[in-house]
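Novice: Quick one: the structure is below, and I'll ask about it shortly.
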Amino acid sequence: MVCEIPVTSKDGSLLRLKTTVADAGLEETSRRLPKLLIDGPYGAPAQDYKKYDILLLIGLGIGATPFISILKDLLNNIKSDEEMQRIHKPEINNLKSNVRGRAYFHWVTREQGSFGWFKGVMDDVAESDHNHIIEMHNYLTSVYFEDNERSALLAMAQELRHAKNGVNVVSESRIRSHFGRPNWRKVFSNLANAHKVLAGVFYCGSPTLTKELRDISKEFSHTTSTQFHFHKENF
């Protein structure tokens with residue numbers, strides 16, 4: 001609609017008539033157009049990870065992607081701290097660390113080839129994280145670890161390869177892999193025993209695991225001295 005600029009006219013009634021017609025047109029247009037409601041913006045659940053002392057990062061399949069960014073950020077902070085310590089050795093006690101706490105990353109996938117997606121990051125963590133700030137666990141669910149000869153041989157081959165070359169036989173990285181699904185209650189229990197602080201639990205993956213992780217977070221928050229705050233992002 002073209003907005004007309006009011007023109008000075010000797011005939012005041014003509015000017016009023018033009019204004020009335022324009023207003024009526026606007027009202028008619030507004031009745032035809034749908035109402036648009038805007039809410040947000042909303043950030044990703046993991047964007048507030050820096051406010052927690054301990055991080056538990058759980059990714060299913062491609063759900064590991066947002067946590068790789070967090071690991072990269074933590075790794076950059078670790079490298080920055082080490083560089084500052086190297087430069088300012090005499091003043092080392094007065095330097096403020098960029099790393100707040102520890103991070104535990106659990107990546108669960110069915111496909112062995114998926115481990116190649118972030119192989120560079122995993123190797124970088126293994127090589128550069130000298131103080132073991134970041135702890136990584138890979139799980140291959142398509143292989144079940146059972147108490148039989150096949151599983152024993154597979155575990156032996158994995159240990160020998162890692163001892164000889166420092167490379168995991170499953171992920172082809174420096175991070176060791178587990179077979180089967182994680183025991184989440186054991187994971188939470190180990191964290192609760194090791195850290196009596198505020199822990200952020202971040203999960204990204206299918207909704208199938210959301211309820212279990214949320215319930216365990218609530219349970220261990222009530223029964224231990226560690227408070228687990230659960231955040232999720234489903235796809």
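In the structure tokens, chains take the letters A, B, ... in the order shown, each chain's residues start at 1, and ligands count up from 1 in the order shown.
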Would you mind listing what lies within 12 Å of Gly101 in chain A as number ranges by chain, with only C-alpha atoms counted and same-chain residues fewer than 5 positions away left out?

Specialist: A: 49-56, 74, 77-78, 131-135, 195, 197-200

Novice: Which residues are near range 208-218 of chain A? Cut-off 10 Å, only C-alpha atoms, ignore same chain within fewer than 5 positions. Put them as a VMD selection string.

Specialist: chain A and resid 58 60 184 to 185 188 to 189 199 to 203 223 226 to 234

Novice: With a distance cut-off of 7 Å and only C-alpha atoms, select the neighbouring residues of Val108 in chain A, excluding the residue or stretch itself and same-chain residues fewer than 2 positions from it, and output the selection as a list in words.

Specialist: Gly59, Leu60, Gly61, His106, Asn138, Tyr139 and Leu140 of chain A

Novice: Can you measure CA of Asp123 in chain A to CA of Gln47 in chain A for me? One decimal in Å is fine.

Specialist: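 Taking CA of Asp123 in chain A as the start and CA of Gln47 in chain A as the end point, the length is 24.1 Å.
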
Novice: What is the CA of Asp81 in chain A to CA of Ile68 in chain A distance in Å?

Specialist: 19.8 Å

Novice: How far is it from CA of Phe115 in chain A to CA of Ser142 in chain A, in Å with one decimal?

Specialist: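 So the two atoms, CA of Phe115 in chain A and CA of Ser142 in chain A, lie 13.1 Å apart.
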
Novice: Give the answer as one residue: which of A:Glu111, A:Glu219, A:Ser206, A:Ala64 has the shortest atom-to-atom distance to His137 in chain A, using only C-alpha atoms?

Specialist: A:Ala64
